[in-house]
Structure formats: structure tokens, C-alpha cells
>>> print(open('input-v1.txt').read())   # compact mmCIF, N, CA and C atoms
# COMPACT_ATOMS: atom_id res chain seq x y z
N MET A 1 -1.58 10.76 -20.13
CA MET A 1 -1.96 9.49 -20.73
C MET A 1 -0.80 8.51 -20.56
N THR A 2 -1.12 7.30 -20.33
CA THR A 2 -0.10 6.28 -20.10
C THR A 2 0.02 5.37 -21.32
N ASP A 3 1.14 4.73 -21.45
CA ASP A 3 1.40 3.77 -22.51
C ASP A 3 0.47 2.58 -22.34
N LYS A 4 -0.13 2.10 -23.43
CA LYS A 4 -1.10 1.00 -23.33
C LYS A 4 -0.49 -0.28 -22.79
N SER A 5 0.81 -0.45 -22.93
CA SER A 5 1.45 -1.66 -22.41
C SER A 5 1.58 -1.62 -20.89
N ARG A 6 1.26 -0.47 -20.29
CA ARG A 6 1.37 -0.31 -18.84
C ARG A 6 0.01 -0.28 -18.15
N ILE A 7 -1.06 -0.57 -18.89
CA ILE A 7 -2.40 -0.61 -18.33
C ILE A 7 -2.79 -2.07 -18.09
N PHE A 8 -3.34 -2.35 -16.92
CA PHE A 8 -3.66 -3.72 -16.54
C PHE A 8 -5.09 -3.82 -16.03
N LYS A 9 -5.69 -4.94 -16.28
CA LYS A 9 -6.99 -5.27 -15.71
C LYS A 9 -6.68 -6.20 -14.53
N ALA A 10 -6.99 -5.75 -13.33
CA ALA A 10 -6.71 -6.54 -12.13
C ALA A 10 -7.97 -7.28 -11.72
N ARG A 11 -7.81 -8.56 -11.45
CA ARG A 11 -8.91 -9.40 -10.96
C ARG A 11 -8.42 -10.17 -9.74
N PHE A 12 -9.02 -9.88 -8.61
CA PHE A 12 -8.64 -10.53 -7.36
C PHE A 12 -9.85 -11.24 -6.77
N THR A 13 -9.63 -12.46 -6.31
CA THR A 13 -10.59 -13.15 -5.47
C THR A 13 -9.92 -13.26 -4.11
N ILE A 14 -10.50 -12.61 -3.13
CA ILE A 14 -9.84 -12.45 -1.84
C ILE A 14 -10.58 -13.23 -0.76
N ALA A 15 -9.85 -14.10 -0.09
CA ALA A 15 -10.38 -14.82 1.07
C ALA A 15 -9.83 -14.09 2.29
N ASP A 16 -10.63 -13.26 2.88
CA ASP A 16 -10.22 -12.43 3.99
C ASP A 16 -10.54 -13.14 5.30
N LEU A 17 -9.54 -13.78 5.90
CA LEU A 17 -9.74 -14.54 7.13
C LEU A 17 -9.97 -13.62 8.33
N ARG A 18 -9.40 -12.44 8.29
CA ARG A 18 -9.57 -11.49 9.39
C ARG A 18 -11.02 -10.99 9.47
N GLN A 19 -11.60 -10.71 8.32
CA GLN A 19 -12.99 -10.24 8.27
C GLN A 19 -13.98 -11.40 8.10
N GLN A 20 -13.46 -12.59 7.90
CA GLN A 20 -14.24 -13.82 7.69
C GLN A 20 -15.23 -13.68 6.55
N ARG A 21 -14.69 -13.31 5.39
CA ARG A 21 -15.53 -13.19 4.20
C ARG A 21 -14.69 -13.30 2.95
N ASN A 22 -15.34 -13.62 1.87
CA ASN A 22 -14.70 -13.68 0.56
C ASN A 22 -15.32 -12.59 -0.31
N HIS A 23 -14.50 -12.00 -1.14
CA HIS A 23 -15.04 -11.04 -2.09
C HIS A 23 -14.15 -10.95 -3.31
N ARG A 24 -14.66 -10.31 -4.33
CA ARG A 24 -13.95 -10.22 -5.60
C ARG A 24 -13.78 -8.74 -5.97
N GLU A 25 -12.61 -8.42 -6.46
CA GLU A 25 -12.31 -7.06 -6.91
C GLU A 25 -11.86 -7.14 -8.37
N VAL A 26 -12.46 -6.29 -9.20
CA VAL A 26 -12.07 -6.19 -10.61
C VAL A 26 -11.96 -4.70 -10.93
N PHE A 27 -10.79 -4.28 -11.40
CA PHE A 27 -10.61 -2.87 -11.74
C PHE A 27 -9.46 -2.73 -12.74
N THR A 28 -9.39 -1.58 -13.37
CA THR A 28 -8.32 -1.26 -14.31
C THR A 28 -7.34 -0.34 -13.60
N THR A 29 -6.07 -0.60 -13.77
CA THR A 29 -5.04 0.23 -13.14
C THR A 29 -3.86 0.35 -14.10
N SER A 30 -2.92 1.21 -13.78
CA SER A 30 -1.77 1.38 -14.66
C SER A 30 -0.49 1.57 -13.86
N LEU A 31 0.57 1.17 -14.47
CA LEU A 31 1.92 1.35 -13.93
C LEU A 31 2.40 2.71 -14.41
N THR A 32 2.71 3.62 -13.49
CA THR A 32 3.14 4.96 -13.90
C THR A 32 4.59 4.94 -14.36
N LYS A 33 5.00 6.00 -15.01
CA LYS A 33 6.36 6.06 -15.57
C LYS A 33 7.45 5.96 -14.51
N ASN A 34 7.22 6.56 -13.36
CA ASN A 34 8.25 6.59 -12.31
C ASN A 34 8.17 5.39 -11.37
N GLU A 35 7.26 4.48 -11.61
CA GLU A 35 7.00 3.39 -10.68
C GLU A 35 7.70 2.10 -11.13
N THR A 36 8.31 1.42 -10.18
CA THR A 36 8.92 0.13 -10.48
C THR A 36 7.84 -0.94 -10.46
N LEU A 37 8.10 -2.04 -11.12
CA LEU A 37 7.15 -3.15 -11.12
C LEU A 37 6.95 -3.70 -9.71
N GLU A 38 8.02 -3.75 -8.93
CA GLU A 38 7.94 -4.23 -7.55
C GLU A 38 7.00 -3.35 -6.72
N HIS A 39 7.13 -2.04 -6.87
CA HIS A 39 6.27 -1.11 -6.15
C HIS A 39 4.82 -1.30 -6.58
N PHE A 40 4.59 -1.47 -7.85
CA PHE A 40 3.25 -1.65 -8.41
C PHE A 40 2.59 -2.92 -7.84
N ILE A 41 3.34 -4.01 -7.81
CA ILE A 41 2.80 -5.28 -7.30
C ILE A 41 2.51 -5.17 -5.80
N LEU A 42 3.41 -4.56 -5.05
CA LEU A 42 3.17 -4.37 -3.62
C LEU A 42 1.94 -3.49 -3.38
N LYS A 43 1.75 -2.48 -4.22
CA LYS A 43 0.58 -1.61 -4.09
C LYS A 43 -0.72 -2.39 -4.34
N LEU A 44 -0.70 -3.28 -5.33
CA LEU A 44 -1.88 -4.11 -5.59
C LEU A 44 -2.14 -5.08 -4.43
N LEU A 45 -1.08 -5.65 -3.87
CA LEU A 45 -1.25 -6.52 -2.70
C LEU A 45 -1.79 -5.73 -1.52
N GLY A 46 -1.29 -4.53 -1.34
CA GLY A 46 -1.78 -3.67 -0.27
C GLY A 46 -3.24 -3.34 -0.43
N TYR A 47 -3.65 -3.09 -1.67
CA TYR A 47 -5.07 -2.83 -1.91
C TYR A 47 -5.92 -4.05 -1.56
N SER A 48 -5.42 -5.22 -1.88
CA SER A 48 -6.18 -6.43 -1.57
C SER A 48 -6.31 -6.62 -0.05
N PHE A 49 -5.34 -6.13 0.73
CA PHE A 49 -5.43 -6.20 2.20
C PHE A 49 -6.57 -5.34 2.73
N LEU A 50 -6.80 -4.20 2.10
CA LEU A 50 -7.79 -3.26 2.60
C LEU A 50 -9.08 -3.22 1.79
N SER A 51 -9.18 -4.04 0.79
CA SER A 51 -10.32 -3.94 -0.13
C SER A 51 -11.65 -4.34 0.49
N TYR A 52 -11.64 -4.98 1.66
CA TYR A 52 -12.91 -5.30 2.33
C TYR A 52 -13.65 -4.01 2.68
N ASP A 53 -12.91 -2.92 2.83
CA ASP A 53 -13.52 -1.62 3.12
C ASP A 53 -13.82 -0.93 1.78
N LYS A 54 -15.08 -0.67 1.52
CA LYS A 54 -15.49 -0.12 0.22
C LYS A 54 -14.91 1.27 -0.04
N SER A 55 -14.47 1.97 0.99
CA SER A 55 -13.89 3.30 0.77
C SER A 55 -12.37 3.26 0.55
N ALA A 56 -11.80 2.07 0.44
CA ALA A 56 -10.36 1.95 0.16
C ALA A 56 -10.06 2.48 -1.23
N GLN A 57 -9.00 3.27 -1.34
CA GLN A 57 -8.60 3.87 -2.61
C GLN A 57 -7.14 3.59 -2.87
N ILE A 58 -6.84 3.29 -4.12
CA ILE A 58 -5.46 3.07 -4.55
C ILE A 58 -4.96 4.37 -5.19
N ASN A 59 -3.72 4.73 -4.92
CA ASN A 59 -3.14 5.96 -5.46
C ASN A 59 -2.52 5.63 -6.82
N ASN A 60 -3.22 5.96 -7.90
CA ASN A 60 -2.72 5.70 -9.24
C ASN A 60 -1.85 6.82 -9.78
N LEU A 61 -1.69 7.90 -9.01
CA LEU A 61 -0.91 9.05 -9.48
C LEU A 61 0.54 9.02 -9.02
N SER A 62 0.88 8.09 -8.17
CA SER A 62 2.22 8.01 -7.57
C SER A 62 2.60 9.32 -6.89
N ASP A 63 1.64 9.92 -6.23
CA ASP A 63 1.87 11.14 -5.46
C ASP A 63 2.54 10.75 -4.15
N LYS A 64 3.77 11.19 -3.94
CA LYS A 64 4.52 10.76 -2.76
C LYS A 64 3.99 11.35 -1.46
N TYR A 65 3.11 12.34 -1.55
CA TYR A 65 2.53 12.94 -0.34
C TYR A 65 1.19 12.30 0.03
N ARG A 66 0.78 11.31 -0.72
CA ARG A 66 -0.44 10.57 -0.42
C ARG A 66 -0.08 9.11 -0.21
N PRO A 67 -0.89 8.38 0.52
CA PRO A 67 -0.60 6.95 0.72
C PRO A 67 -0.79 6.17 -0.57
N ASP A 68 -0.12 5.02 -0.68
CA ASP A 68 -0.30 4.16 -1.84
C ASP A 68 -1.71 3.58 -1.85
N VAL A 69 -2.21 3.23 -0.69
CA VAL A 69 -3.58 2.76 -0.52
C VAL A 69 -4.09 3.42 0.76
N SER A 70 -5.34 3.87 0.72
CA SER A 70 -5.86 4.57 1.90
C SER A 70 -7.34 4.29 2.12
N VAL A 71 -7.75 4.55 3.36
CA VAL A 71 -9.16 4.56 3.74
C VAL A 71 -9.37 5.86 4.50
N ARG A 72 -10.36 6.63 4.07
CA ARG A 72 -10.65 7.90 4.72
C ARG A 72 -11.97 7.82 5.47
N ALA A 73 -12.04 8.57 6.55
CA ALA A 73 -13.28 8.69 7.33
C ALA A 73 -14.15 9.76 6.69
N LEU A 74 -15.35 9.93 7.21
CA LEU A 74 -16.27 10.94 6.67
C LEU A 74 -15.73 12.36 6.81
N ASP A 75 -14.91 12.59 7.83
CA ASP A 75 -14.33 13.93 8.01
C ASP A 75 -13.04 14.13 7.22
N GLU A 76 -12.77 13.20 6.30
CA GLU A 76 -11.64 13.27 5.35
C GLU A 76 -10.26 13.00 5.95
N HIS A 77 -10.16 12.66 7.23
CA HIS A 77 -8.84 12.25 7.72
C HIS A 77 -8.64 10.77 7.39
N TYR A 78 -7.39 10.36 7.31
CA TYR A 78 -7.07 8.98 6.96
C TYR A 78 -7.23 8.08 8.18
N THR A 79 -8.06 7.06 8.04
CA THR A 79 -8.16 6.07 9.11
C THR A 79 -7.11 4.98 8.91
N LYS A 80 -6.82 4.68 7.64
CA LYS A 80 -5.76 3.71 7.32
C LYS A 80 -4.88 4.31 6.22
N TRP A 81 -3.58 4.27 6.44
CA TRP A 81 -2.59 4.78 5.49
C TRP A 81 -1.63 3.64 5.22
N LEU A 82 -1.58 3.17 3.99
CA LEU A 82 -0.70 2.07 3.64
C LEU A 82 0.35 2.57 2.64
N SER A 83 1.61 2.42 3.00
CA SER A 83 2.73 2.76 2.12
C SER A 83 3.47 1.48 1.77
N VAL A 84 3.97 1.41 0.54
CA VAL A 84 4.63 0.19 0.08
C VAL A 84 6.06 0.45 -0.37
N ASP A 85 6.78 -0.64 -0.50
CA ASP A 85 8.15 -0.68 -1.01
C ASP A 85 9.12 0.01 -0.06
N LYS A 86 9.70 1.12 -0.45
CA LYS A 86 10.69 1.83 0.37
C LYS A 86 10.27 3.28 0.52
N PRO A 87 9.22 3.56 1.28
CA PRO A 87 8.75 4.94 1.40
C PRO A 87 9.72 5.82 2.17
N ASP A 88 9.60 7.12 1.97
CA ASP A 88 10.44 8.10 2.65
C ASP A 88 10.16 8.03 4.16
N LEU A 89 11.17 7.74 4.92
CA LEU A 89 11.01 7.50 6.35
C LEU A 89 10.53 8.74 7.10
N GLN A 90 11.07 9.90 6.79
CA GLN A 90 10.64 11.12 7.49
C GLN A 90 9.19 11.44 7.19
N ARG A 91 8.78 11.25 5.95
CA ARG A 91 7.39 11.50 5.55
C ARG A 91 6.46 10.52 6.28
N MET A 92 6.89 9.28 6.41
CA MET A 92 6.09 8.27 7.10
C MET A 92 5.92 8.60 8.58
N LEU A 93 6.98 9.04 9.22
CA LEU A 93 6.90 9.36 10.64
C LEU A 93 5.94 10.51 10.89
N LYS A 94 5.90 11.49 9.98
CA LYS A 94 4.95 12.60 10.10
C LYS A 94 3.52 12.10 9.87
N ALA A 95 3.34 11.30 8.85
CA ALA A 95 2.00 10.80 8.52
C ALA A 95 1.44 9.91 9.63
N ALA A 96 2.28 9.12 10.24
CA ALA A 96 1.84 8.19 11.28
C ALA A 96 1.27 8.91 12.49
N LYS A 97 1.62 10.17 12.67
CA LYS A 97 1.11 10.93 13.82
C LYS A 97 -0.32 11.40 13.62
N VAL A 98 -0.80 11.44 12.38
CA VAL A 98 -2.13 12.00 12.12
C VAL A 98 -3.12 10.98 11.56
N VAL A 99 -2.73 9.72 11.51
CA VAL A 99 -3.65 8.68 11.01
C VAL A 99 -3.98 7.72 12.15
N ASP A 100 -5.10 7.03 11.99
CA ASP A 100 -5.50 6.07 13.01
C ASP A 100 -4.67 4.79 12.96
N GLU A 101 -4.40 4.31 11.74
CA GLU A 101 -3.64 3.08 11.57
C GLU A 101 -2.69 3.25 10.39
N PHE A 102 -1.42 2.96 10.62
CA PHE A 102 -0.38 3.14 9.61
C PHE A 102 0.21 1.78 9.27
N ILE A 103 0.19 1.42 7.98
CA ILE A 103 0.65 0.10 7.55
C ILE A 103 1.76 0.27 6.53
N ILE A 104 2.83 -0.49 6.70
CA ILE A 104 3.93 -0.49 5.74
C ILE A 104 4.06 -1.89 5.17
N LEU A 105 4.03 -1.98 3.86
CA LEU A 105 4.15 -3.25 3.15
C LEU A 105 5.43 -3.18 2.33
N THR A 106 6.39 -4.03 2.67
CA THR A 106 7.69 -3.97 2.02
C THR A 106 8.27 -5.36 1.83
N THR A 107 9.35 -5.46 1.09
CA THR A 107 10.00 -6.75 0.89
C THR A 107 10.81 -7.11 2.14
N ALA A 108 10.80 -8.38 2.45
CA ALA A 108 11.51 -8.88 3.63
C ALA A 108 13.02 -8.77 3.42
N GLN A 109 13.71 -8.50 4.50
CA GLN A 109 15.17 -8.49 4.55
C GLN A 109 15.80 -7.50 3.57
N SER A 110 15.15 -6.37 3.34
CA SER A 110 15.73 -5.36 2.47
C SER A 110 16.62 -4.43 3.29
N GLU A 111 17.52 -3.74 2.62
CA GLU A 111 18.42 -2.81 3.29
C GLU A 111 17.61 -1.66 3.92
N TRP A 112 16.59 -1.19 3.19
CA TRP A 112 15.73 -0.12 3.71
C TRP A 112 15.06 -0.55 5.00
N LEU A 113 14.55 -1.75 5.04
CA LEU A 113 13.85 -2.26 6.22
C LEU A 113 14.79 -2.36 7.41
N ASN A 114 16.00 -2.84 7.18
CA ASN A 114 16.97 -2.95 8.28
C ASN A 114 17.28 -1.59 8.89
N GLN A 115 17.33 -0.55 8.06
CA GLN A 115 17.61 0.80 8.56
C GLN A 115 16.40 1.42 9.25
N ALA A 116 15.22 1.15 8.73
CA ALA A 116 14.01 1.81 9.23
C ALA A 116 13.35 1.12 10.42
N LYS A 117 13.60 -0.15 10.61
CA LYS A 117 12.90 -0.92 11.64
C LYS A 117 13.00 -0.33 13.04
N PRO A 118 14.16 0.13 13.51
CA PRO A 118 14.22 0.70 14.86
C PRO A 118 13.28 1.90 15.06
N GLN A 119 13.16 2.76 14.04
CA GLN A 119 12.28 3.92 14.17
C GLN A 119 10.81 3.53 14.05
N LEU A 120 10.52 2.54 13.21
CA LEU A 120 9.13 2.13 13.00
C LEU A 120 8.54 1.45 14.23
N THR A 121 9.37 0.78 15.01
CA THR A 121 8.87 0.10 16.21
C THR A 121 8.41 1.10 17.28
N LEU A 122 8.82 2.36 17.16
CA LEU A 122 8.43 3.37 18.14
C LEU A 122 7.01 3.89 17.90
N LEU A 123 6.45 3.64 16.73
CA LEU A 123 5.12 4.13 16.41
C LEU A 123 4.05 3.17 16.92
N PRO A 124 3.17 3.61 17.81
CA PRO A 124 2.20 2.70 18.42
C PRO A 124 1.09 2.25 17.47
N ASN A 125 0.81 3.02 16.44
CA ASN A 125 -0.31 2.70 15.54
C ASN A 125 0.14 2.08 14.21
N SER A 126 1.37 1.56 14.17
CA SER A 126 1.90 1.06 12.90
C SER A 126 1.96 -0.46 12.86
N HIS A 127 1.84 -0.97 11.64
CA HIS A 127 1.96 -2.40 11.38
C HIS A 127 2.94 -2.57 10.23
N LEU A 128 3.82 -3.51 10.37
CA LEU A 128 4.82 -3.79 9.35
C LEU A 128 4.54 -5.16 8.75
N VAL A 129 4.34 -5.19 7.43
CA VAL A 129 4.09 -6.44 6.73
C VAL A 129 5.24 -6.66 5.76
N GLU A 130 5.93 -7.78 5.93
CA GLU A 130 7.07 -8.11 5.08
C GLU A 130 6.67 -9.24 4.12
N ILE A 131 6.93 -9.03 2.85
CA ILE A 131 6.62 -10.03 1.81
C ILE A 131 7.94 -10.52 1.23
N ASP A 132 8.06 -11.82 1.09
CA ASP A 132 9.26 -12.42 0.54
C ASP A 132 9.47 -11.98 -0.90
N LYS A 133 10.69 -11.63 -1.25
CA LYS A 133 11.03 -11.17 -2.61
C LYS A 133 10.68 -12.19 -3.67
N GLN A 134 10.85 -13.46 -3.37
CA GLN A 134 10.51 -14.52 -4.35
C GLN A 134 9.02 -14.53 -4.67
N PHE A 135 8.19 -14.23 -3.70
CA PHE A 135 6.75 -14.17 -3.93
C PHE A 135 6.42 -13.04 -4.89
N ILE A 136 7.07 -11.90 -4.72
CA ILE A 136 6.82 -10.74 -5.57
C ILE A 136 7.31 -11.01 -7.00
N ASP A 137 8.47 -11.66 -7.11
CA ASP A 137 9.00 -11.98 -8.45
C ASP A 137 8.10 -12.95 -9.18
>>> encode(input="input-v1.txt", output="C-alpha cells")
Amino acid sequence: MTDKSRIFKARFTIADLRQQRNHREVFTTSLTKNETLEHFILKLLGYSFLSYDKSAQINNLSDKYRPDVSVRALDEHYTKWLSVDKPDLQRMLKAAKVVDEFIILTTAQSEWLNQAKPQLTLLPNSHLVEIDKQFID
């Protein structure tokens, strides 16, 4: 059970230019004990990126072996794996080999990003999305 001050009602109105449609998402979510507010906000933004797909799921358990946001195919493999903030680089490199599309959502110009960028550019199925720290704050 989580502390009531860490439970949030999320309401998003999303104008998805890539899919050329607008939609609305309303759900209840919570900030876990081990999760930073920055990670939580990036996870919500990541969900809004993939929410056009009805099978998109947000990881509310903060399980480091699962993506923060994911889309699974009917055969249960991940078609989209989205990790946020500063994910474990070795775990990401392994996961990127078995998913169709791998997305990393992180803060721009972070120390983690500077170290990880050379390795991430080697992955053909990966996308890197950088969000300005001021936007997150």
C-alpha cells in the first residue's frame, strides 16, 4: 500500500501529430517509495508518447527488469520498450536486442546521457528523446 500523498489522478489531453489524432487519458497512478519525482514525471510523459496504442502499459511497480512503459504483441514479446531517466545501461543493451523498438526518455545534457550516448547510437532499433530539465521542473 502506498502513502495517500503519493497517489495522483492523471489527466492528459494528447494531440498526437505523428498519429494525426487527439485523445484523452485519465487514470490513477502512484509514486513508489524508491522513485524520484523526476523519474515519475518522465514515466508519465513516456506513457503519453505511447498512449495512442491501447495496449500501452505503465510500470507502477518500479520493477527494474521491466520497461517503464511498454507495448506488447499478442505473442507477449515487447514491440515497444520505453525506459526513462537514467536506466541501467547494461540492462538496456540486453533488452534492445529482443524488442522491436527501444525508446529512452531522459533529461537533456545529463552526465548519464553523455556517458551512454556512444553505446546507444550503436543500436539500430533505438530512439533517444531528450527533455529539457526546466520543462520537467
>>> residues_around(input="input-v1.txt", residues="Tyr47 (chain A)", least_positions_apart="6", cutoff="7 Å", atoms="only N, CA and C atoms", output="ChimeraX atom specification")
/A:57-58,68-69
>>> residues_around(input="input-v1.txt", residues="region 25-36 of chain A", least_positions_apart="3", cutoff="12 Å", atoms="only C-alpha atoms", output="ChimeraX atom specification")
/A:1-15,22,39-45,47-54,56-64,68,84-86
>>> select_by_dssp(input="input-v1.txt", residues="chain A", states="strand (DSSP E)", output="PyMOL selection string")
chain A and resi 7-16+21-30+56-58+69-72+78-84+101-107+126-131
>>> select_by_dssp(input="input-v1.txt", residues="chain A", states="helix (DSSP H, G or I)", output="count of residues only")
39
>>> atom_distance(input="input-v1.txt", atom1="CA of Pro67 (chain A)", atom2="CA of Met92 (chain A)")
9.3 Å
>>> closest_atom_pairs(input="input-v1.txt", of="region 13-97 of chain A", to="region 119-132 of chain A", cutoff="9 Å", atoms="only C-alpha atoms", output="CSV")
residue,atom,partner,partner_atom,distance
A:Leu42,CA,A:Ile131,CA,8.6
A:Leu89,CA,A:Gln119,CA,8.7
A:Leu93,CA,A:Leu120,CA,7.9
A:Ala96,CA,A:Asn125,CA,7.3
A:Lys97,CA,A:Leu123,CA,8.3
>>> atom_distance(input="input-v1.txt", atom1="atom C of Trp112 (chain A)", atom2="CA of Pro87 (chain A)")
9.1 Å
>>> closest_residue(input="input-v1.txt", among="A:Gln115, A:Gln90, A:Gln109, A:Ser55", to="Glu76 (chain A)", atoms="only C-alpha atoms")
A:Ser55
>>> atom_distance(input="input-v1.txt", atom1="atom C of Ile103 (chain A)", atom2="CA of His77 (chain A)")
16.0 Å
>>> closest_residue(input="input-v1.txt", among="A:Val98, A:Leu37, A:Leu17, A:Leu113", to="Trp81 (chain A)", atoms="only C-alpha atoms")
A:Val98
